[in-house]
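Containing compact mmCIF, C-alpha atoms: structure_17.txt.
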```txt
# COMPACT_ATOMS: atom_id res chain seq x y z
CA MET A 1 11.94 35.45 0.61
CA PRO A 2 10.86 31.92 1.38
CA ILE A 3 10.76 28.92 -0.87
CA ASN A 4 8.25 26.15 -0.40
CA LEU A 5 9.95 22.89 0.45
CA GLU A 6 8.22 19.55 0.28
CA ILE A 7 9.72 16.23 1.22
CA VAL A 8 7.68 13.20 0.19
CA SER A 9 8.35 9.51 0.54
CA PRO A 10 6.30 6.89 -1.32
CA GLU A 11 4.34 6.22 1.84
CA LYS A 12 3.55 9.78 2.86
CA LEU A 13 4.12 13.52 2.71
CA LEU A 14 6.80 14.08 5.32
CA LEU A 15 7.21 17.80 5.36
CA SER A 16 5.82 20.81 3.62
CA ARG A 17 6.73 24.31 4.69
CA ASP A 18 8.38 27.56 3.72
CA VAL A 19 12.10 27.92 4.35
CA ASP A 20 14.65 30.57 3.40
CA MET A 21 17.09 28.13 1.85
CA VAL A 22 17.45 24.43 1.52
CA VAL A 23 20.61 22.46 0.79
CA ILE A 24 20.02 19.19 -1.03
CA PRO A 25 22.56 16.43 -1.68
CA ALA A 26 22.46 16.35 -5.48
CA SER A 27 24.28 13.53 -7.24
CA GLU A 28 27.06 15.85 -8.36
CA GLY A 29 27.52 17.82 -5.17
CA ASP A 30 25.44 19.61 -2.59
CA MET A 31 23.18 22.27 -3.95
CA GLY A 32 21.71 25.26 -2.17
CA VAL A 33 18.28 26.28 -3.37
CA LEU A 34 16.93 29.76 -2.84
CA GLU A 35 13.79 31.35 -4.13
CA GLY A 36 13.95 32.09 -7.85
CA HIS A 37 16.24 29.19 -8.66
CA SER A 38 16.11 28.18 -12.30
CA PRO A 39 14.01 25.06 -12.94
CA MET A 40 15.98 21.88 -12.48
CA THR A 41 15.41 18.20 -12.03
CA VAL A 42 18.21 16.50 -10.15
CA MET A 43 19.03 13.10 -8.87
CA LEU A 44 20.00 12.81 -5.22
CA ARG A 45 22.60 10.68 -3.55
CA GLY A 46 22.23 9.55 0.04
CA GLY A 47 22.88 12.56 2.25
CA VAL A 48 21.47 15.27 4.42
CA VAL A 49 18.84 17.83 3.47
CA SER A 50 19.28 20.96 5.57
CA LEU A 51 16.62 23.59 6.05
CA TYR A 52 17.80 27.12 6.65
CA GLU A 53 15.76 29.83 8.25
CA GLY A 54 17.77 33.00 8.36
CA GLU A 55 21.38 31.93 8.81
CA ARG A 56 20.59 28.93 10.95
CA VAL A 57 19.92 25.33 10.12
CA THR A 58 16.58 24.62 11.73
CA GLU A 59 16.11 21.07 10.65
CA SER A 60 18.14 18.33 9.00
CA LEU A 61 16.86 15.15 7.45
CA PHE A 62 18.72 12.20 6.07
CA VAL A 63 17.50 10.99 2.67
CA ALA A 64 18.62 7.74 1.10
CA GLY A 65 18.68 8.82 -2.51
CA GLY A 66 15.83 10.00 -4.69
CA PHE A 67 15.00 12.96 -6.90
CA ALA A 68 14.34 16.63 -6.51
CA GLU A 69 12.36 19.01 -8.63
CA VAL A 70 13.31 22.65 -8.33
CA THR A 71 11.24 25.52 -9.69
CA PRO A 72 11.48 29.21 -8.83
CA GLU A 73 8.75 28.87 -6.19
CA ARG A 74 9.28 25.46 -4.73
CA CYS A 75 11.59 22.57 -4.16
CA THR A 76 10.13 19.07 -4.09
CA VAL A 77 12.25 16.24 -2.76
CA LEU A 78 11.11 12.75 -3.70
CA ALA A 79 13.00 10.62 -1.23
CA GLY A 80 13.16 6.86 -1.25
CA GLU A 81 13.39 7.14 2.47
CA ALA A 82 13.81 10.10 4.78
CA MET A 83 14.20 10.55 8.51
CA PRO A 84 15.22 13.30 10.89
CA ILE A 85 18.93 13.15 11.73
CA ASN A 86 18.40 12.69 15.44
CA GLU A 87 16.32 9.59 14.80
CA LEU A 88 19.12 7.84 12.94
CA ASP A 89 20.41 4.67 14.52
CA ARG A 90 24.08 3.76 14.38
CA GLU A 91 23.49 0.02 14.51
CA GLU A 92 21.04 0.26 11.66
CA ALA A 93 23.48 2.32 9.61
CA GLU A 94 26.31 -0.12 10.21
CA LYS A 95 24.09 -3.05 9.31
CA ARG A 96 23.12 -1.32 6.09
CA LEU A 97 26.71 -0.71 5.19
CA ARG A 98 27.54 -4.37 5.78
CA ASP A 99 24.55 -5.53 3.75
CA ALA A 100 25.38 -3.14 0.93
CA GLU A 101 28.99 -4.30 0.83
CA GLU A 102 27.91 -7.90 0.82
CA ALA A 103 25.47 -7.22 -2.01
CA HIS A 104 28.21 -5.44 -3.91
CA ALA A 105 30.56 -8.39 -3.53
CA GLN A 106 27.97 -10.65 -5.11
CA VAL A 107 27.21 -8.44 -8.07
CA ASP A 108 28.39 -9.70 -11.40
CA ALA A 109 31.13 -7.29 -12.47
CA ASP A 110 29.88 -7.27 -16.06
CA ASN A 111 26.51 -5.91 -15.07
CA LEU A 112 27.22 -2.19 -14.99
CA ILE A 113 23.80 -1.07 -13.83
CA GLU A 114 23.72 -3.52 -10.94
CA GLU A 115 27.24 -2.58 -10.01
CA GLU A 116 26.36 1.08 -9.94
CA LEU A 117 23.26 0.48 -7.87
CA ALA A 118 25.24 -1.52 -5.36
CA LEU A 119 27.88 1.20 -5.12
CA GLU A 120 25.18 3.74 -4.55
CA ARG A 121 23.81 1.70 -1.68
CA ILE A 122 27.24 1.67 -0.10
CA HIS A 123 27.57 5.43 -0.49
CA SER A 124 24.15 5.97 0.94
CA ALA A 125 24.98 3.85 4.00
CA ARG A 126 28.32 5.63 4.44
CA SER A 127 26.71 9.03 4.34
CA MET A 128 24.24 7.84 6.93
CA LEU A 129 27.17 7.05 9.20
CA GLU A 130 28.80 10.37 8.39
CA ALA A 131 25.58 12.15 9.26
CA LEU A 132 25.67 10.38 12.61
CA ASP A 133 29.28 11.39 13.21
CA GLY A 134 28.40 14.97 12.34
CA LEU A 135 25.70 14.82 14.95
CA LEU A 136 28.12 13.67 17.66
CA THR A 137 30.66 16.38 16.96
CA GLY A 138 27.87 18.93 17.18
CA HIS A 139 28.27 19.94 13.57
CA MET B 1 -42.87 -29.99 9.05
CA PRO B 2 -39.52 -30.17 10.80
CA SER B 3 -39.52 -31.02 14.48
CA LEU B 4 -39.26 -28.35 17.14
CA LYS B 5 -35.79 -29.47 18.04
CA ALA B 6 -34.57 -29.27 14.45
CA LEU B 7 -35.97 -25.75 14.10
CA ARG B 8 -34.31 -24.66 17.33
CA MET B 9 -31.00 -25.92 16.04
CA ARG B 10 -31.43 -24.15 12.71
CA ILE B 11 -32.19 -20.88 14.48
CA ASN B 12 -29.13 -21.18 16.67
CA SER B 13 -26.84 -21.95 13.78
CA VAL B 14 -28.11 -19.00 11.75
CA LYS B 15 -27.67 -16.79 14.80
CA SER B 16 -24.02 -17.72 15.15
CA THR B 17 -23.47 -17.18 11.42
CA GLN B 18 -24.96 -13.75 11.83
CA LYS B 19 -22.59 -13.00 14.68
CA ILE B 20 -19.65 -13.95 12.50
CA THR B 21 -20.76 -11.91 9.51
CA SER B 22 -21.46 -8.82 11.57
CA ALA B 23 -18.05 -9.11 13.23
CA MET B 24 -16.43 -9.47 9.82
CA LYS B 25 -18.26 -6.40 8.65
CA MET B 26 -16.93 -4.41 11.56
CA VAL B 27 -13.38 -5.65 10.99
CA ALA B 28 -13.63 -4.79 7.29
CA ALA B 29 -14.87 -1.31 8.14
CA SER B 30 -11.89 -0.54 10.33
CA LYS B 31 -9.45 -2.06 7.84
CA LEU B 32 -11.07 -0.03 5.11
CA ARG B 33 -10.48 3.15 7.03
CA ARG B 34 -6.83 2.28 7.46
CA ALA B 35 -6.42 1.31 3.81
CA GLN B 36 -8.01 4.55 2.70
CA GLN B 37 -5.68 6.57 4.89
CA GLN B 38 -2.72 4.73 3.47
CA ALA B 39 -3.89 5.37 -0.09
CA GLU B 40 -4.45 9.01 0.77
CA ALA B 41 -0.94 9.33 2.21
CA ALA B 42 0.63 7.78 -0.87
CA ARG B 43 -1.03 10.20 -3.24
CA PRO B 44 1.34 13.23 -2.94
CA TYR B 45 4.35 11.19 -4.00
CA ALA B 46 2.53 9.69 -6.96
CA ILE B 47 1.36 13.11 -8.13
CA ARG B 48 4.82 14.68 -7.91
CA MET B 49 6.44 11.68 -9.51
CA GLY B 50 3.98 12.00 -12.37
CA ARG B 51 4.88 15.66 -12.76
CA ILE B 52 8.61 15.00 -12.99
CA LEU B 53 8.03 12.11 -15.36
CA ASN B 54 5.92 14.31 -17.61
CA THR B 55 8.61 16.93 -18.02
CA LEU B 56 11.22 14.25 -18.59
CA ALA B 57 9.13 12.38 -21.11
CA ALA B 58 8.47 15.62 -22.95
CA SER B 59 12.16 16.29 -23.28
CA VAL B 60 13.21 12.83 -24.47
CA ALA B 61 10.14 12.15 -26.60
CA GLU B 62 12.01 12.85 -29.83
CA SER B 63 15.12 10.97 -28.84
CA PRO B 64 15.46 7.71 -30.80
CA ASN B 65 17.04 5.81 -27.93
CA ALA B 66 14.33 6.38 -25.36
CA PRO B 67 14.30 3.50 -22.88
CA ALA B 68 12.03 0.52 -23.55
CA MET B 69 10.08 1.17 -20.40
CA LEU B 70 8.88 4.47 -21.78
CA ALA B 71 8.66 3.80 -25.49
CA GLY B 72 8.02 0.07 -25.54
CA THR B 73 9.98 -2.56 -27.39
CA GLY B 74 8.55 -1.57 -30.73
CA LYS B 75 6.35 -4.66 -30.94
CA ASP B 76 3.13 -5.68 -29.32
CA GLN B 77 3.26 -9.42 -29.68
CA VAL B 78 3.57 -10.61 -26.12
CA HIS B 79 1.21 -9.14 -23.55
CA LEU B 80 1.77 -9.39 -19.83
CA LEU B 81 -1.33 -9.08 -17.69
CA ILE B 82 -0.70 -8.28 -14.06
CA VAL B 83 -3.89 -9.32 -12.31
CA VAL B 84 -4.37 -7.92 -8.83
CA THR B 85 -6.89 -9.66 -6.58
CA ALA B 86 -7.31 -10.29 -2.88
CA ASP B 87 -5.91 -13.18 -0.90
CA ARG B 88 -9.20 -13.89 0.78
CA GLY B 89 -12.70 -14.44 -0.41
CA LEU B 90 -16.07 -13.54 1.14
CA ALA B 91 -15.95 -10.18 -0.53
CA GLY B 92 -18.84 -10.43 -2.93
CA ALA B 93 -17.93 -10.23 -6.60
CA PHE B 94 -14.63 -8.50 -5.87
CA ASN B 95 -12.32 -11.29 -7.02
CA SER B 96 -14.49 -12.87 -9.66
CA SER B 97 -15.09 -9.61 -11.50
CA ILE B 98 -11.32 -9.15 -11.84
CA GLY B 99 -10.96 -12.76 -12.91
CA ARG B 100 -13.64 -12.34 -15.51
CA ALA B 101 -12.08 -9.15 -16.87
CA ALA B 102 -8.68 -10.82 -17.10
CA ARG B 103 -10.12 -13.83 -18.86
CA THR B 104 -12.00 -11.70 -21.39
CA ARG B 105 -8.89 -9.66 -22.04
CA ALA B 106 -6.74 -12.73 -22.50
CA ARG B 107 -9.26 -14.32 -24.88
CA THR B 108 -9.52 -11.14 -26.97
CA LEU B 109 -5.75 -10.83 -27.23
CA GLU B 110 -5.38 -14.46 -28.18
CA ALA B 111 -8.08 -14.13 -30.81
CA GLN B 112 -5.88 -11.42 -32.34
CA GLY B 113 -2.99 -13.85 -32.43
CA LYS B 114 -1.08 -12.36 -29.53
CA THR B 115 0.67 -14.27 -26.81
CA VAL B 116 -0.60 -13.74 -23.30
CA LYS B 117 1.33 -14.12 -20.08
CA ILE B 118 -0.23 -13.65 -16.69
CA LEU B 119 1.31 -12.55 -13.44
CA ALA B 120 -1.21 -13.22 -10.71
CA VAL B 121 -1.01 -11.05 -7.63
CA GLY B 122 -3.18 -12.40 -4.82
CA ARG B 123 -4.20 -15.95 -4.09
CA LYS B 124 -7.81 -15.72 -5.26
CA GLY B 125 -6.98 -14.48 -8.72
CA ARG B 126 -4.38 -17.16 -9.16
CA ASP B 127 -6.85 -19.89 -8.18
CA TYR B 128 -9.49 -18.46 -10.47
CA LEU B 129 -7.26 -18.12 -13.52
CA ARG B 130 -5.61 -21.46 -12.94
CA ARG B 131 -8.84 -23.18 -13.85
CA GLU B 132 -8.68 -22.34 -17.53
CA LEU B 133 -5.64 -20.21 -18.25
CA ALA B 134 -3.14 -22.21 -16.24
CA SER B 135 -0.64 -22.44 -19.08
CA ARG B 136 -0.42 -18.64 -19.37
CA ILE B 137 0.45 -18.00 -15.75
CA VAL B 138 4.13 -17.18 -15.55
CA GLY B 139 4.21 -16.34 -11.88
CA ASP B 140 2.21 -15.51 -8.83
CA ILE B 141 2.71 -13.34 -5.80
CA SER B 142 0.72 -13.41 -2.62
CA TYR B 143 0.72 -11.02 0.28
CA ALA B 144 -1.32 -13.36 2.48
CA GLY B 145 -0.52 -12.96 6.14
CA LYS B 146 0.76 -9.42 5.78
CA ARG B 147 -1.07 -6.88 7.87
CA ARG B 148 -0.56 -4.11 5.39
CA ILE B 149 1.07 -3.66 2.03
CA ASP B 150 4.12 -1.47 2.15
CA TYR B 151 6.10 0.23 -0.54
CA GLY B 152 8.72 -2.48 -0.50
CA ASP B 153 6.17 -5.01 -1.74
CA ALA B 154 5.32 -2.83 -4.70
CA GLU B 155 8.99 -2.27 -5.37
CA GLY B 156 9.59 -6.02 -5.42
CA LEU B 157 6.78 -6.51 -7.89
CA ALA B 158 8.05 -3.68 -10.09
CA LYS B 159 11.57 -5.15 -10.03
CA ARG B 160 10.21 -8.45 -11.20
CA VAL B 161 8.38 -6.79 -14.08
CA THR B 162 11.48 -4.78 -15.01
CA ALA B 163 13.60 -7.91 -15.03
CA MET B 164 11.09 -9.59 -17.33
CA LEU B 165 11.16 -6.60 -19.65
CA ASP B 166 14.96 -6.61 -19.74
CA ALA B 167 14.91 -10.29 -20.57
CA GLY B 168 12.56 -9.55 -23.45
CA GLU B 169 9.78 -11.68 -22.03
CA PHE B 170 6.98 -9.31 -23.00
CA ASP B 171 6.26 -6.21 -25.07
CA VAL B 172 3.24 -4.68 -23.38
CA ALA B 173 2.33 -4.81 -19.71
CA THR B 174 -1.16 -4.10 -18.41
CA LEU B 175 -2.28 -3.92 -14.83
CA ILE B 176 -5.79 -5.13 -14.03
CA TYR B 177 -7.08 -4.17 -10.62
CA ASN B 178 -10.10 -2.93 -8.72
CA ARG B 179 -10.14 0.78 -8.22
CA PHE B 180 -11.88 1.86 -5.06
CA GLN B 181 -14.65 4.29 -5.81
CA SER B 182 -16.95 3.85 -2.86
CA VAL B 183 -17.85 1.15 -0.40
CA ILE B 184 -20.38 -0.28 -2.82
CA ALA B 185 -18.55 0.37 -6.09
CA GLN B 186 -15.17 -1.01 -7.09
CA ILE B 187 -14.33 -0.37 -10.68
CA VAL B 188 -12.33 -2.89 -12.66
CA THR B 189 -9.54 -0.88 -14.21
CA GLU B 190 -7.08 -1.82 -16.90
CA GLN B 191 -4.01 0.36 -16.84
CA GLN B 192 -1.21 0.11 -19.33
CA LEU B 193 2.17 0.28 -17.64
CA ILE B 194 4.67 -0.45 -20.38
CA PRO B 195 5.06 1.32 -22.72
CA ALA B 196 4.00 4.29 -20.64
CA PRO B 197 0.84 5.71 -22.18
CA PRO B 198 1.24 9.04 -23.98
CA VAL B 199 1.47 11.94 -21.61
CA LYS B 200 -1.72 13.88 -21.26
CA ASP B 201 -0.64 17.45 -21.20
CA ALA B 202 -3.12 19.64 -19.40
CA ALA B 203 -3.77 22.67 -21.57
CA GLY B 204 -2.69 25.99 -20.14
CA ASN B 205 -0.03 24.45 -17.96
CA ASP B 206 2.82 26.90 -18.33
CA GLU B 207 5.14 25.00 -16.07
CA THR B 208 5.83 22.22 -18.52
CA THR B 209 6.58 24.57 -21.38
CA ALA B 210 9.75 25.84 -19.73
CA LEU B 211 12.00 22.82 -19.81
CA PRO B 212 14.10 22.51 -16.71
CA GLU B 213 17.77 21.62 -16.61
CA PHE B 214 18.72 18.13 -15.67
CA GLU B 215 21.53 16.97 -13.50
CA PRO B 216 22.94 14.52 -14.47
CA ASP B 217 21.55 14.20 -18.02
CA GLU B 218 18.00 13.19 -18.93
CA GLU B 219 18.82 9.62 -19.81
CA THR B 220 20.50 8.86 -16.51
CA ILE B 221 17.67 10.32 -14.50
CA LEU B 222 15.10 8.60 -16.66
CA ALA B 223 16.81 5.25 -16.27
CA ARG B 224 16.52 5.62 -12.52
CA LEU B 225 13.16 7.31 -12.41
CA LEU B 226 11.21 4.89 -14.60
CA PRO B 227 11.54 1.83 -12.34
CA GLN B 228 10.60 4.08 -9.45
CA ALA B 229 7.57 5.35 -11.33
CA LEU B 230 6.58 1.79 -12.12
CA ALA B 231 6.81 0.91 -8.45
CA VAL B 232 4.69 3.92 -7.54
CA GLN B 233 2.01 2.96 -10.02
CA THR B 234 1.98 -0.58 -8.71
CA TYR B 235 1.89 0.67 -5.17
CA THR B 236 -1.09 2.88 -5.92
CA ALA B 237 -2.88 -0.02 -7.58
CA LEU B 238 -2.16 -2.38 -4.69
CA LEU B 239 -3.49 0.14 -2.20
CA GLU B 240 -6.60 0.85 -4.26
CA SER B 241 -7.20 -2.85 -4.55
CA ALA B 242 -6.76 -3.33 -0.80
CA ALA B 243 -9.22 -0.54 -0.04
CA GLY B 244 -11.61 -1.97 -2.60
CA GLU B 245 -11.34 -5.42 -1.07
CA HIS B 246 -12.29 -4.21 2.37
CA GLY B 247 -15.08 -2.08 0.96
CA ALA B 248 -16.46 -5.02 -0.99
CA ARG B 249 -16.22 -7.29 2.02
CA MET B 250 -17.97 -4.75 4.18
CA THR B 251 -20.91 -4.55 1.77
CA ALA B 252 -21.04 -8.30 1.32
CA MET B 253 -21.01 -8.92 5.05
CA ASP B 254 -23.62 -6.25 5.65
CA ASN B 255 -25.91 -8.03 3.20
CA ALA B 256 -25.16 -11.38 4.78
CA THR B 257 -25.99 -10.04 8.23
CA ARG B 258 -29.29 -8.68 6.97
CA ASN B 259 -30.16 -11.91 5.21
CA ALA B 260 -29.40 -13.87 8.35
CA GLY B 261 -31.71 -11.56 10.28
CA ASP B 262 -34.54 -12.20 7.80
CA MET B 263 -33.94 -15.90 8.02
CA ILE B 264 -34.03 -15.89 11.80
CA LYS B 265 -37.34 -14.03 11.71
CA ARG B 266 -38.84 -16.56 9.35
CA LEU B 267 -37.55 -19.54 11.29
CA THR B 268 -38.78 -18.10 14.59
CA LEU B 269 -42.25 -17.67 13.10
CA ASN B 270 -42.25 -21.29 11.95
CA TYR B 271 -40.98 -22.41 15.31
CA ASN B 272 -43.74 -20.60 17.20
CA ARG B 273 -46.38 -21.93 14.86
CA ALA B 274 -45.15 -25.45 15.34
CA ARG B 275 -45.07 -24.98 19.09
CA GLN B 276 -48.65 -23.72 19.21
CA ALA B 277 -49.84 -26.49 16.93
CA ASN B 278 -48.29 -28.96 19.32
CA ILE B 279 -50.03 -27.43 22.32
CA THR B 280 -53.36 -27.38 20.54
CA ARG B 281 -52.96 -30.98 19.51
CA GLU B 282 -52.12 -32.08 23.02
CA LEU B 283 -55.13 -30.23 24.42
CA ILE B 284 -57.42 -31.91 21.89
CA GLU B 285 -55.96 -35.26 22.84
CA ILE B 286 -56.54 -34.67 26.55
CA ILE B 287 -60.09 -33.36 26.07
CA SER B 288 -61.14 -36.11 23.73
CA GLY B 289 -59.53 -38.66 26.07
CA ALA B 290 -61.54 -37.25 29.00
CA GLU B 291 -64.76 -37.33 26.98
CA ALA B 292 -64.26 -40.94 26.04
CA LEU B 293 -64.31 -42.03 29.68
```

Could I get this structure in the form of structure tokens?
Amino acid sequence: MPINLEIVSPEKLLLSRDVDMVVIPASEGDMGVLEGHSPMTVMLRGGVVSLYEGERVTESLFVAGGFAEVTPERCTVLAGEAMPINELDREEAEKRLRDAEEAHAQVDADNLIEEELALERIHSARSMLEALDGLLTGH
Amino acid sequence: MPSLKALRMRINSVKSTQKITSAMKMVAASKLRRAQQQAEAARPYAIRMGRILNTLAASVAESPNAPAMLAGTGKDQVHLLIVVTADRGLAGAFNSSIGRAARTRARTLEAQGKTVKILAVGRKGRDYLRRELASRIVGDISYAGKRRIDYGDAEGLAKRVTAMLDAGEFDVATLIYNRFQSVIAQIVTEQQLIPAPPVKDAAGNDETTALPEFEPDEETILARLLPQALAVQTYTALLESAAGEHGARMTAMDNATRNAGDMIKRLTLNYNRARQANITRELIEIISGAEAL
């Protein structure tokens, strides 16, 4: 029983197809979505969206945060940015992590929202690196 | 009657103008196609974002501490007008119609005793408004020299507006831009951004009646989603305006090319008449000279 998965970024519709299960990196832990899931709106952290067909992962995409809307028939991922795992670039990821850490160092500690945003950027960059490591170890 | 030489020069200059305008028309046509594709590609995200926002707004509507971006600041004293125009001219009435709409709006608001602040996006609008509303302009942004507008630009603009809202610099924000309808019609649109206009709930839409769960809670998601939604709305408007600009320029340049063609025809006629008159006159001179001998 397939569920319709859509991944959209502000600039275009990246992917729209039926999959058996999709695992999305929700802000409070990864979440597997099957057909008939109860309606949910979740926030995403930076991480990997995996598409399952049967028991196998057929495609994995890295998303840098965003939102997802889950209904019994479909799962819509609104990603700030999304790219296939094998197109990730280590240099880029490392640069992002550096930039994010720099930005975090400059944030005024009293400004909670800014602080949280900066932390999220760091997490997002770290998970990008982790996704790359996972790729190397053949995970 | 201008001399033959002067006419020849006129004709040549009009011809080169025509070459320029027809080239500009062609450039605008291809840019228009690209801008339309970009706007088309951005639509799915905007639609889905709107859907999520609707369900969220429905569930926090009763909450007294709904964020200012959704519910407004509770006043409507200070109005921020975000005026989107092009960075270049030669696009017919594209820029001036926006300028006029912004001016009318500002005057109406001021007549009601409100304070008006203007954020000018695009060089042409800034120059236009500077002439008589200079004191209301609080900032300007220009994308001149960029090949295409990307989402980051819209995000930057939205961030700026959010920061102004947080600093309490305005109560109501309105976006004024040209919506692309067709190559010949760009519609001046005023869109209220903050507070977000009441959600239009399509009747018979069962999906919104079943409220979904939220993770984490509504307020956290909303706090993150609203700036994003603002950026998406701005992005859509910027793209529409870009498509409209190229459409308007295409029409304007098409007209200019046609007018130049008419002018060349008229000038060529005059030139030939003058040339024949000259020949006739010279013949008469020769004949009458020969007769006199």

May I have a table of the residues of chain A lying at most 10 Å from chain B, giving each one's closest pair of atoms and their distance in Å to one decimal, counting only C-alpha atoms, ordered by chain and ascending residue number, as JSON lines?
```
{"residue": "A:Glu6", "atom": "CA", "partner": "B:Pro44", "partner_atom": "CA", "distance": 9.9}
{"residue": "A:Ile7", "atom": "CA", "partner": "B:Tyr45", "partner_atom": "CA", "distance": 9.0}
{"residue": "A:Val8", "atom": "CA", "partner": "B:Tyr45", "partner_atom": "CA", "distance": 5.7}
{"residue": "A:Ser9", "atom": "CA", "partner": "B:Tyr45", "partner_atom": "CA", "distance": 6.3}
{"residue": "A:Pro10", "atom": "CA", "partner": "B:Tyr45", "partner_atom": "CA", "distance": 5.4}
{"residue": "A:Glu11", "atom": "CA", "partner": "B:Ala42", "partner_atom": "CA", "distance": 4.9}
{"residue": "A:Lys12", "atom": "CA", "partner": "B:Ala41", "partner_atom": "CA", "distance": 4.6}
{"residue": "A:Leu13", "atom": "CA", "partner": "B:Pro44", "partner_atom": "CA", "distance": 6.3}
{"residue": "A:Leu14", "atom": "CA", "partner": "B:Ala41", "partner_atom": "CA", "distance": 9.6}
{"residue": "A:Ala26", "atom": "CA", "partner": "B:Glu215", "partner_atom": "CA", "distance": 8.1}
{"residue": "A:Ser27", "atom": "CA", "partner": "B:Pro216", "partner_atom": "CA", "distance": 7.4}
{"residue": "A:Glu28", "atom": "CA", "partner": "B:Pro216", "partner_atom": "CA", "distance": 7.5}
{"residue": "A:Ser38", "atom": "CA", "partner": "B:Pro212", "partner_atom": "CA", "distance": 7.5}
{"residue": "A:Pro39", "atom": "CA", "partner": "B:Pro212", "partner_atom": "CA", "distance": 4.6}
{"residue": "A:Met40", "atom": "CA", "partner": "B:Glu213", "partner_atom": "CA", "distance": 4.5}
{"residue": "A:Thr41", "atom": "CA", "partner": "B:Phe214", "partner_atom": "CA", "distance": 4.9}
{"residue": "A:Val42", "atom": "CA", "partner": "B:Glu215", "partner_atom": "CA", "distance": 4.7}
{"residue": "A:Met43", "atom": "CA", "partner": "B:Ile221", "partner_atom": "CA", "distance": 6.4}
{"residue": "A:Leu44", "atom": "CA", "partner": "B:Glu215", "partner_atom": "CA", "distance": 9.4}
{"residue": "A:Gly66", "atom": "CA", "partner": "B:Leu225", "partner_atom": "CA", "distance": 8.6}
{"residue": "A:Phe67", "atom": "CA", "partner": "B:Leu225", "partner_atom": "CA", "distance": 8.1}
{"residue": "A:Ala68", "atom": "CA", "partner": "B:Ile52", "partner_atom": "CA", "distance": 8.8}
{"residue": "A:Glu69", "atom": "CA", "partner": "B:Ile52", "partner_atom": "CA", "distance": 7.0}
{"residue": "A:Val70", "atom": "CA", "partner": "B:Pro212", "partner_atom": "CA", "distance": 8.4}
{"residue": "A:Thr71", "atom": "CA", "partner": "B:Pro212", "partner_atom": "CA", "distance": 8.2}
{"residue": "A:Thr76", "atom": "CA", "partner": "B:Arg48", "partner_atom": "CA", "distance": 7.9}
{"residue": "A:Val77", "atom": "CA", "partner": "B:Arg48", "partner_atom": "CA", "distance": 9.2}
{"residue": "A:Leu78", "atom": "CA", "partner": "B:Tyr45", "partner_atom": "CA", "distance": 6.9}
{"residue": "A:Ala79", "atom": "CA", "partner": "B:Tyr45", "partner_atom": "CA", "distance": 9.1}
{"residue": "A:Gly80", "atom": "CA", "partner": "B:Gln228", "partner_atom": "CA", "distance": 9.0}
{"residue": "A:Ile113", "atom": "CA", "partner": "B:Ala223", "partner_atom": "CA", "distance": 9.7}
{"residue": "A:Leu117", "atom": "CA", "partner": "B:Arg224", "partner_atom": "CA", "distance": 9.7}
```

Once you have the residues from the selection above, write them out as a CSV table (one decimal), in the coordinates of the input, restricted to C-alpha atoms.
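This went into selection_39.csv:
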```csv
chain,number,residue,atom,x,y,z
A,6,GLU,CA,8.2,19.6,0.3
A,7,ILE,CA,9.7,16.2,1.2
A,8,VAL,CA,7.7,13.2,0.2
A,9,SER,CA,8.4,9.5,0.5
A,10,PRO,CA,6.3,6.9,-1.3
A,11,GLU,CA,4.3,6.2,1.8
A,12,LYS,CA,3.6,9.8,2.9
A,13,LEU,CA,4.1,13.5,2.7
A,14,LEU,CA,6.8,14.1,5.3
A,26,ALA,CA,22.5,16.4,-5.5
A,27,SER,CA,24.3,13.5,-7.2
A,28,GLU,CA,27.1,15.8,-8.4
A,38,SER,CA,16.1,28.2,-12.3
A,39,PRO,CA,14.0,25.1,-12.9
A,40,MET,CA,16.0,21.9,-12.5
A,41,THR,CA,15.4,18.2,-12.0
A,42,VAL,CA,18.2,16.5,-10.2
A,43,MET,CA,19.0,13.1,-8.9
A,44,LEU,CA,20.0,12.8,-5.2
A,66,GLY,CA,15.8,10.0,-4.7
A,67,PHE,CA,15.0,13.0,-6.9
A,68,ALA,CA,14.3,16.6,-6.5
A,69,GLU,CA,12.4,19.0,-8.6
A,70,VAL,CA,13.3,22.6,-8.3
A,71,THR,CA,11.2,25.5,-9.7
A,76,THR,CA,10.1,19.1,-4.1
A,77,VAL,CA,12.2,16.2,-2.8
A,78,LEU,CA,11.1,12.8,-3.7
A,79,ALA,CA,13.0,10.6,-1.2
A,80,GLY,CA,13.2,6.9,-1.2
A,113,ILE,CA,23.8,-1.1,-13.8
A,117,LEU,CA,23.3,0.5,-7.9
```

Quick one: everything within 10 Å of A:Arg96, counting only C-alpha atoms, minus sequence neighbours fewer than 6 positions away in the same chain. Send it as a ChimeraX atom specification. /A:90,102,121-122,124-126,128-129

Residues at most 10 Å from B:Ala237, counting only C-alpha atoms, excluding those fewer than 5 positions away in the same chain, as number ranges by chain? B: 39, 84, 154, 175-180, 189, 191, 231-232, 242-243

Where is the centre and how long are the edges: axis-aligned box on stretch 250-268 of chain B, 3 Å on each side, Å to one decimal, as lines of an AutoDock Vina configuration file:
```
center_x = -28.4
center_y = -12.0
center_z = 8.0
size_x = 26.9
size_y = 21.0
size_z = 19.3
```

Can you measure atom CA of B:Leu193 to atom CA of A:Gly46 for me? One decimal in Å is fine. 28.3 Å
